[in-house]
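Engineer: I am attaching a structure below and will ask some questions about it afterwards.
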Amino acid sequence: MSTVIEVNCATGQVTERELTAEENAQREADAVAAAEVQAAVDAEQAAKDAARESAVAKLALLGLSDVEIAALVGN
Amino acid sequence: MATYELIETITLGSNAASVTFSDIPQTYTDLKIVISVRSTYASTSGILWLRFNGDSGVNYPFRRLEGSGSAVSSNAATAGQIGIGRTTGSTATANTFSNTEVYIPNYTGSTYKSVSSTAASENNAVAAQITATAGLWNNTSAITSLSVLDGESSNLVTNSSFSLYGIKKA
């Protein structure tokens with residue numbers, strides 16, 4: 001069982017206790033929600049990467065050199 | 001002349017899932033948190049979260065810019081917490097800890113609360129993360145407590161440290 005630490009800034013008292021069942025459930029829900037958010041972020045990034053690769057390939061077909069493409073879109 | 005005062009600091013004596021500073025004095029202008037952490041998460045680095053007043057609702061939009069040493073990325077999300085930075089994970093170089101600094105201006109005001117942070121995970125190898133984050137807590141309440149959480153459902157390890165500072169205008 002994980003613990004949580006609470007520091008009361010008014011009194012300076014430090015409390016260490018185990019997570020309650022409710023907090024454990026919240027933690028598990030947080031993990032699921034965070035994974036969903038991260039999956040959406042990863043999918044967006046993958047789409048951007050794929051679009052970039054496609055654009056670079058099309059620029060190469062137009063006759064631009066690697067140096068010229070890098071000047072346009074970065075390395 | 002502005003003042004910069006340590007409100008509270010804690011160094012973990014054993015592993016913990018989160019650290020909360022409660023009953024934060026309402027007498028400062030801004031808050032700053034300085035964090036040094038390592039996680040039990042089985043990777044080179046994980047996510048570090050921040051919440052205010054125990055609010056786990058989806059009220060925290062944020063934007064993040066990251067560099068890993070081999071790639072850069074930027075992303076945006078709205079979640080039940082702000083991802084303020086990175087932890088150093090258990091597979092990173094032993095005894096290294098990440099660094100995170102968080103700034104929260106006007107934390108007692110009645111507007112939504114803005115947050116900015118910079119962070120670096122540590123790893124004596126190629127892969128390490130540096131992160132800049134801008135976020136918001138969509139709530140007009142004054143911040144009276146804040147929690148720093150391991151965002152991977154793992155634990156922050158012994159010797160991780162957390163310092164909360166208050167800043168007053170002249």
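Every chain in the structure tokens takes a letter, A first, then B, and so on in the order presented; its residues are numbered from 1, and the ligands are numbered from 1 following the presented order.
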What are the residues of chain B that have an atom within 6 Å of an atom of chain A, counting only C-alpha atoms, as a PyMOL selection string?
Structural biologist: chain B and resi 16-24
Engineer: So that I have them on file, write out the residues from the current selection with C-alpha atoms, as a compact mmCIF listing (two decimals), in the first residue's frame.
Structural biologist:
```
# COMPACT_ATOMS: atom_id res chain seq x y z
CA ALA B 16 5.38 8.02 -1.08
CA ALA B 17 2.76 8.42 -3.80
CA SER B 18 2.31 12.14 -3.25
CA VAL B 19 3.21 15.14 -1.14
CA THR B 20 0.62 17.75 -0.17
CA PHE B 21 1.23 21.20 1.30
CA SER B 22 -1.95 22.21 3.11
CA ASP B 23 -3.09 25.36 4.92
CA ILE B 24 -0.89 27.48 2.68
```
Engineer: Would you list the contacts of Ile47 (chain B) as an mmCIF file with N, CA and C atoms, in the first residue's frame, taking every protein, DNA or RNA residue within 6 Å and counting only C-alpha atoms, but skipping same-chain residues closer than 4 positions in sequence?
Structural biologist:
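Writing the result to out.cif gives the following:
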```
data_model
loop_
_atom_site.group_PDB
_atom_site.id
_atom_site.type_symbol
_atom_site.label_atom_id
_atom_site.label_comp_id
_atom_site.auth_asym_id
_atom_site.auth_seq_id
_atom_site.Cartn_x
_atom_site.Cartn_y
_atom_site.Cartn_z
ATOM 1 N N ARG B 86 9.039 16.052 -15.227
ATOM 2 C CA ARG B 86 9.443 14.660 -15.317
ATOM 3 C C ARG B 86 10.063 14.186 -14.014
ATOM 4 N N THR B 87 9.806 12.931 -13.705
ATOM 5 C CA THR B 87 10.581 12.279 -12.665
ATOM 6 C C THR B 87 11.735 11.537 -13.341
ATOM 7 N N GLY B 151 2.930 10.652 -11.458
ATOM 8 C CA GLY B 151 1.912 10.493 -12.491
ATOM 9 C C GLY B 151 1.889 9.137 -13.154
#
```
Engineer: Give me the residues near Ala94 (chain B) as a ChimeraX atom specification, where near means some atom within 12 Å (using only C-alpha atoms) and where sequence neighbours in that chain fewer than 2 positions away do not count.
Structural biologist: /B:38-40,44,88-92,96-98,122-125
Engineer: Under the rule that only C-alpha atoms are counted, which of B:Val115, B:Ala77, B:Leu156, B:Leu48 is the nearest residue to Pro61 (chain B)?
Structural biologist: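 For Pro61 (chain B), the nearest of the given residues is B:Ala77.
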Engineer: Just how far from CA of Leu65 (chain B) is CA of Tyr112 (chain B), in Å to one decimal?
Structural biologist: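 Separation between CA of Tyr112 (chain B) and CA of Leu65 (chain B): 21.9 Å.
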Engineer: Going by DSSP on the backbone, which residues of region 15-53 of chain A come out as helix (DSSP H, G or I)? List them as a PyMOL selection string.
Structural biologist: chain A and resi 21-53
Engineer: Convert the current residue selection to file output with N, CA and C atoms, as an mmCIF file, in the first residue's frame.
Structural biologist:
```
data_model
loop_
_atom_site.group_PDB
_atom_site.id
_atom_site.type_symbol
_atom_site.label_atom_id
_atom_site.label_comp_id
_atom_site.auth_asym_id
_atom_site.auth_seq_id
_atom_site.Cartn_x
_atom_site.Cartn_y
_atom_site.Cartn_z
ATOM 1 N N ALA A 21 -9.096 3.781 0.602
ATOM 2 C CA ALA A 21 -9.654 3.027 -0.529
ATOM 3 C C ALA A 21 -10.127 3.979 -1.626
ATOM 4 N N GLU A 22 -10.726 5.090 -1.193
ATOM 5 C CA GLU A 22 -11.206 6.092 -2.167
ATOM 6 C C GLU A 22 -10.034 6.697 -2.940
ATOM 7 N N GLU A 23 -8.964 7.008 -2.218
ATOM 8 C CA GLU A 23 -7.791 7.584 -2.887
ATOM 9 C C GLU A 23 -7.144 6.576 -3.827
ATOM 10 N N ASN A 24 -7.136 5.317 -3.415
ATOM 11 C CA ASN A 24 -6.591 4.284 -4.299
ATOM 12 C C ASN A 24 -7.398 4.182 -5.580
ATOM 13 N N ALA A 25 -8.730 4.238 -5.429
ATOM 14 C CA ALA A 25 -9.599 4.175 -6.610
ATOM 15 C C ALA A 25 -9.368 5.388 -7.508
ATOM 16 N N GLN A 26 -9.204 6.573 -6.871
ATOM 17 C CA GLN A 26 -8.929 7.790 -7.643
ATOM 18 C C GLN A 26 -7.615 7.651 -8.399
ATOM 19 N N ARG A 27 -6.634 7.054 -7.726
ATOM 20 C CA ARG A 27 -5.320 6.890 -8.345
ATOM 21 C C ARG A 27 -5.402 5.990 -9.571
ATOM 22 N N GLU A 28 -6.170 4.935 -9.431
ATOM 23 C CA GLU A 28 -6.334 4.027 -10.578
ATOM 24 C C GLU A 28 -7.078 4.710 -11.715
ATOM 25 N N ALA A 29 -8.109 5.488 -11.353
ATOM 26 C CA ALA A 29 -8.849 6.229 -12.378
ATOM 27 C C ALA A 29 -7.949 7.268 -13.037
ATOM 28 N N ASP A 30 -7.105 7.915 -12.236
ATOM 29 C CA ASP A 30 -6.156 8.894 -12.774
ATOM 30 C C ASP A 30 -5.250 8.249 -13.811
ATOM 31 N N ALA A 31 -4.779 7.043 -13.484
ATOM 32 C CA ALA A 31 -3.852 6.356 -14.388
ATOM 33 C C ALA A 31 -4.530 6.048 -15.719
ATOM 34 N N VAL A 32 -5.782 5.615 -15.653
ATOM 35 C CA VAL A 32 -6.522 5.317 -16.884
ATOM 36 C C VAL A 32 -6.734 6.592 -17.698
ATOM 37 N N ALA A 33 -7.158 7.664 -17.005
ATOM 38 C CA ALA A 33 -7.406 8.933 -17.702
ATOM 39 C C ALA A 33 -6.120 9.476 -18.310
ATOM 40 N N ALA A 34 -5.035 9.374 -17.559
ATOM 41 C CA ALA A 34 -3.762 9.892 -18.056
ATOM 42 C C ALA A 34 -3.289 9.093 -19.268
ATOM 43 N N ALA A 35 -3.517 7.800 -19.229
ATOM 44 C CA ALA A 35 -3.125 6.967 -20.378
ATOM 45 C C ALA A 35 -3.922 7.355 -21.620
ATOM 46 N N GLU A 36 -5.193 7.668 -21.414
ATOM 47 C CA GLU A 36 -6.022 8.096 -22.553
ATOM 48 C C GLU A 36 -5.530 9.428 -23.111
ATOM 49 N N VAL A 37 -5.210 10.363 -22.202
ATOM 50 C CA VAL A 37 -4.691 11.664 -22.655
ATOM 51 C C VAL A 37 -3.385 11.468 -23.404
ATOM 52 N N GLN A 38 -2.501 10.626 -22.827
ATOM 53 C CA GLN A 38 -1.198 10.403 -23.460
ATOM 54 C C GLN A 38 -1.358 9.734 -24.818
ATOM 55 N N ALA A 39 -2.316 8.810 -24.920
ATOM 56 C CA ALA A 39 -2.549 8.136 -26.206
ATOM 57 C C ALA A 39 -2.995 9.145 -27.258
ATOM 58 N N ALA A 40 -3.851 10.081 -26.861
ATOM 59 C CA ALA A 40 -4.299 11.115 -27.804
ATOM 60 C C ALA A 40 -3.140 12.007 -28.226
ATOM 61 N N VAL A 41 -2.297 12.364 -27.242
ATOM 62 C CA VAL A 41 -1.118 13.197 -27.543
ATOM 63 C C VAL A 41 -0.181 12.450 -28.496
ATOM 64 N N ASP A 42 0.051 11.167 -28.205
ATOM 65 C CA ASP A 42 0.943 10.357 -29.054
ATOM 66 C C ASP A 42 0.385 10.231 -30.463
ATOM 67 N N ALA A 43 -0.938 10.040 -30.577
ATOM 68 C CA ALA A 43 -1.555 9.900 -31.893
ATOM 69 C C ALA A 43 -1.413 11.192 -32.690
ATOM 70 N N GLU A 44 -1.600 12.333 -32.000
ATOM 71 C CA GLU A 44 -1.450 13.627 -32.668
ATOM 72 C C GLU A 44 -0.016 13.802 -33.154
ATOM 73 N N GLN A 45 0.938 13.429 -32.300
ATOM 74 C CA GLN A 45 2.349 13.562 -32.678
ATOM 75 C C GLN A 45 2.678 12.633 -33.844
ATOM 76 N N ALA A 46 2.146 11.417 -33.808
ATOM 77 C CA ALA A 46 2.404 10.465 -34.899
ATOM 78 C C ALA A 46 1.839 10.988 -36.217
ATOM 79 N N ALA A 47 0.664 11.613 -36.157
ATOM 80 C CA ALA A 47 0.070 12.179 -37.374
ATOM 81 C C ALA A 47 0.934 13.320 -37.910
ATOM 82 N N LYS A 48 1.441 14.152 -36.993
ATOM 83 C CA LYS A 48 2.331 15.252 -37.416
ATOM 84 C C LYS A 48 3.592 14.703 -38.057
ATOM 85 N N ASP A 49 4.180 13.658 -37.446
ATOM 86 C CA ASP A 49 5.411 13.058 -37.979
ATOM 87 C C ASP A 49 5.174 12.469 -39.363
ATOM 88 N N ALA A 50 4.025 11.798 -39.514
ATOM 89 C CA ALA A 50 3.714 11.187 -40.804
ATOM 90 C C ALA A 50 3.519 12.253 -41.882
ATOM 91 N N ALA A 51 2.842 13.350 -41.519
ATOM 92 C CA ALA A 51 2.631 14.437 -42.481
ATOM 93 C C ALA A 51 3.950 15.068 -42.872
ATOM 94 N N ARG A 52 4.842 15.191 -41.902
ATOM 95 C CA ARG A 52 6.151 15.780 -42.185
ATOM 96 C C ARG A 52 6.950 14.890 -43.135
ATOM 97 N N GLU A 53 6.951 13.586 -42.852
ATOM 98 C CA GLU A 53 7.675 12.655 -43.720
ATOM 99 C C GLU A 53 7.118 12.684 -45.130
#
```
Engineer: One decimal, in Å: what's the spacing between CA of Tyr28 (chain B) and CA of Ser141 (chain B)?
Structural biologist: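 One can read the CA of Tyr28 (chain B) to CA of Ser141 (chain B) distance as 15.3 Å.
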Engineer: Please provide as a VMD selection string all residues within 10 Å of Ser74 (chain B), with the sequence filter that same-chain residues fewer than 3 positions apart are discarded (counting only C-alpha atoms).
Structural biologist: (chain A and resid 41 45) or (chain B and resid 63 to 67 131 to 133)
Engineer: Grab the CA of Gly54 (chain B) to CA of Ser73 (chain B) distance for me, in Å with one decimal place.
Structural biologist: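 Going from CA of Gly54 (chain B) over to CA of Ser73 (chain B), I get 29.8 Å.
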Engineer: Residues near Thr3 (chain B), anyone? I mean within 9 Å using only C-alpha atoms, not counting same-chain ones fewer than 4 positions away, as a list in words.
Structural biologist: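 Counting only the stated atoms, we get Gly166, Ile167, Lys168, Lys169 and Ala170 of chain B.
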Engineer: Residues at most 7 Å from Ser68 (chain B), counting only C-alpha atoms, excluding those fewer than 5 positions away in the same chain, as a CSV table (one decimal) with C-alpha atoms, in the first residue's frame?
Structural biologist:
```csv
chain,number,residue,atom,x,y,z
B,127,ALA,CA,18.0,9.8,-23.2
B,128,ALA,CA,16.9,12.6,-20.7
B,129,GLN,CA,14.0,14.9,-20.8
B,130,ILE,CA,13.9,18.7,-20.5
```
Engineer: Give me every strand (DSSP E) residue in region 71-144 of chain B, going by DSSP on the backbone, as a PyMOL selection string.
Structural biologist: chain B and resi 72-79+82-88+98-105+113-120+130-137
Engineer: Take the residues from that selection and write them out as a PDB file, in the first residue's frame, keeping C-alpha atoms.
Structural biologist:
```
ATOM      1  CA  VAL B  72      11.656  17.571 -29.695  1.00  0.00           C
ATOM      2  CA  SER B  73       7.909  17.591 -29.320  1.00  0.00           C
ATOM      3  CA  SER B  74       5.112  19.830 -28.174  1.00  0.00           C
ATOM      4  CA  ASN B  75       1.663  18.825 -27.070  1.00  0.00           C
ATOM      5  CA  ALA B  76      -1.431  20.066 -25.357  1.00  0.00           C
ATOM      6  CA  ALA B  77      -4.035  18.435 -23.158  1.00  0.00           C
ATOM      7  CA  THR B  78      -6.725  19.135 -20.613  1.00  0.00           C
ATOM      8  CA  ALA B  79      -6.661  16.723 -17.722  1.00  0.00           C
ATOM      9  CA  ILE B  82      -1.112  19.586 -14.745  1.00  0.00           C
ATOM     10  CA  GLY B  83       1.891  17.591 -15.914  1.00  0.00           C
ATOM     11  CA  ILE B  84       4.541  19.910 -14.482  1.00  0.00           C
ATOM     12  CA  GLY B  85       7.595  17.922 -15.421  1.00  0.00           C
ATOM     13  CA  ARG B  86       9.443  14.660 -15.317  1.00  0.00           C
ATOM     14  CA  THR B  87      10.581  12.279 -12.665  1.00  0.00           C
ATOM     15  CA  THR B  88      13.785  10.331 -13.048  1.00  0.00           C
ATOM     16  CA  SER B  98      15.091  15.152 -11.610  1.00  0.00           C
ATOM     17  CA  ASN B  99      14.703  18.891 -11.035  1.00  0.00           C
ATOM     18  CA  THR B 100      11.482  20.866 -11.356  1.00  0.00           C
ATOM     19  CA  GLU B 101      10.649  24.474 -10.588  1.00  0.00           C
ATOM     20  CA  VAL B 102       7.051  25.675 -10.618  1.00  0.00           C
ATOM     21  CA  TYR B 103       5.829  29.289 -10.444  1.00  0.00           C
ATOM     22  CA  ILE B 104       2.258  30.191  -9.468  1.00  0.00           C
ATOM     23  CA  PRO B 105       1.489  33.922  -9.555  1.00  0.00           C
ATOM     24  CA  LYS B 113      -4.674  30.306 -11.733  1.00  0.00           C
ATOM     25  CA  SER B 114      -1.767  30.150 -14.163  1.00  0.00           C
ATOM     26  CA  VAL B 115       1.216  27.884 -13.694  1.00  0.00           C
ATOM     27  CA  SER B 116       4.569  27.734 -15.439  1.00  0.00           C
ATOM     28  CA  SER B 117       7.276  25.165 -14.868  1.00  0.00           C
ATOM     29  CA  THR B 118      10.595  23.968 -16.148  1.00  0.00           C
ATOM     30  CA  ALA B 119      11.998  20.533 -15.457  1.00  0.00           C
ATOM     31  CA  ALA B 120      14.878  18.239 -16.315  1.00  0.00           C
ATOM     32  CA  ILE B 130      13.879  18.694 -20.489  1.00  0.00           C
ATOM     33  CA  THR B 131      10.405  20.141 -20.239  1.00  0.00           C
ATOM     34  CA  ALA B 132       8.740  23.548 -20.247  1.00  0.00           C
ATOM     35  CA  THR B 133       5.068  23.702 -19.312  1.00  0.00           C
ATOM     36  CA  ALA B 134       2.401  26.392 -19.216  1.00  0.00           C
ATOM     37  CA  GLY B 135      -0.853  25.481 -17.536  1.00  0.00           C
ATOM     38  CA  LEU B 136      -4.002  26.794 -15.960  1.00  0.00           C
ATOM     39  CA  TRP B 137      -6.301  25.728 -13.161  1.00  0.00           C
TER      40      TRP B 137
END
```
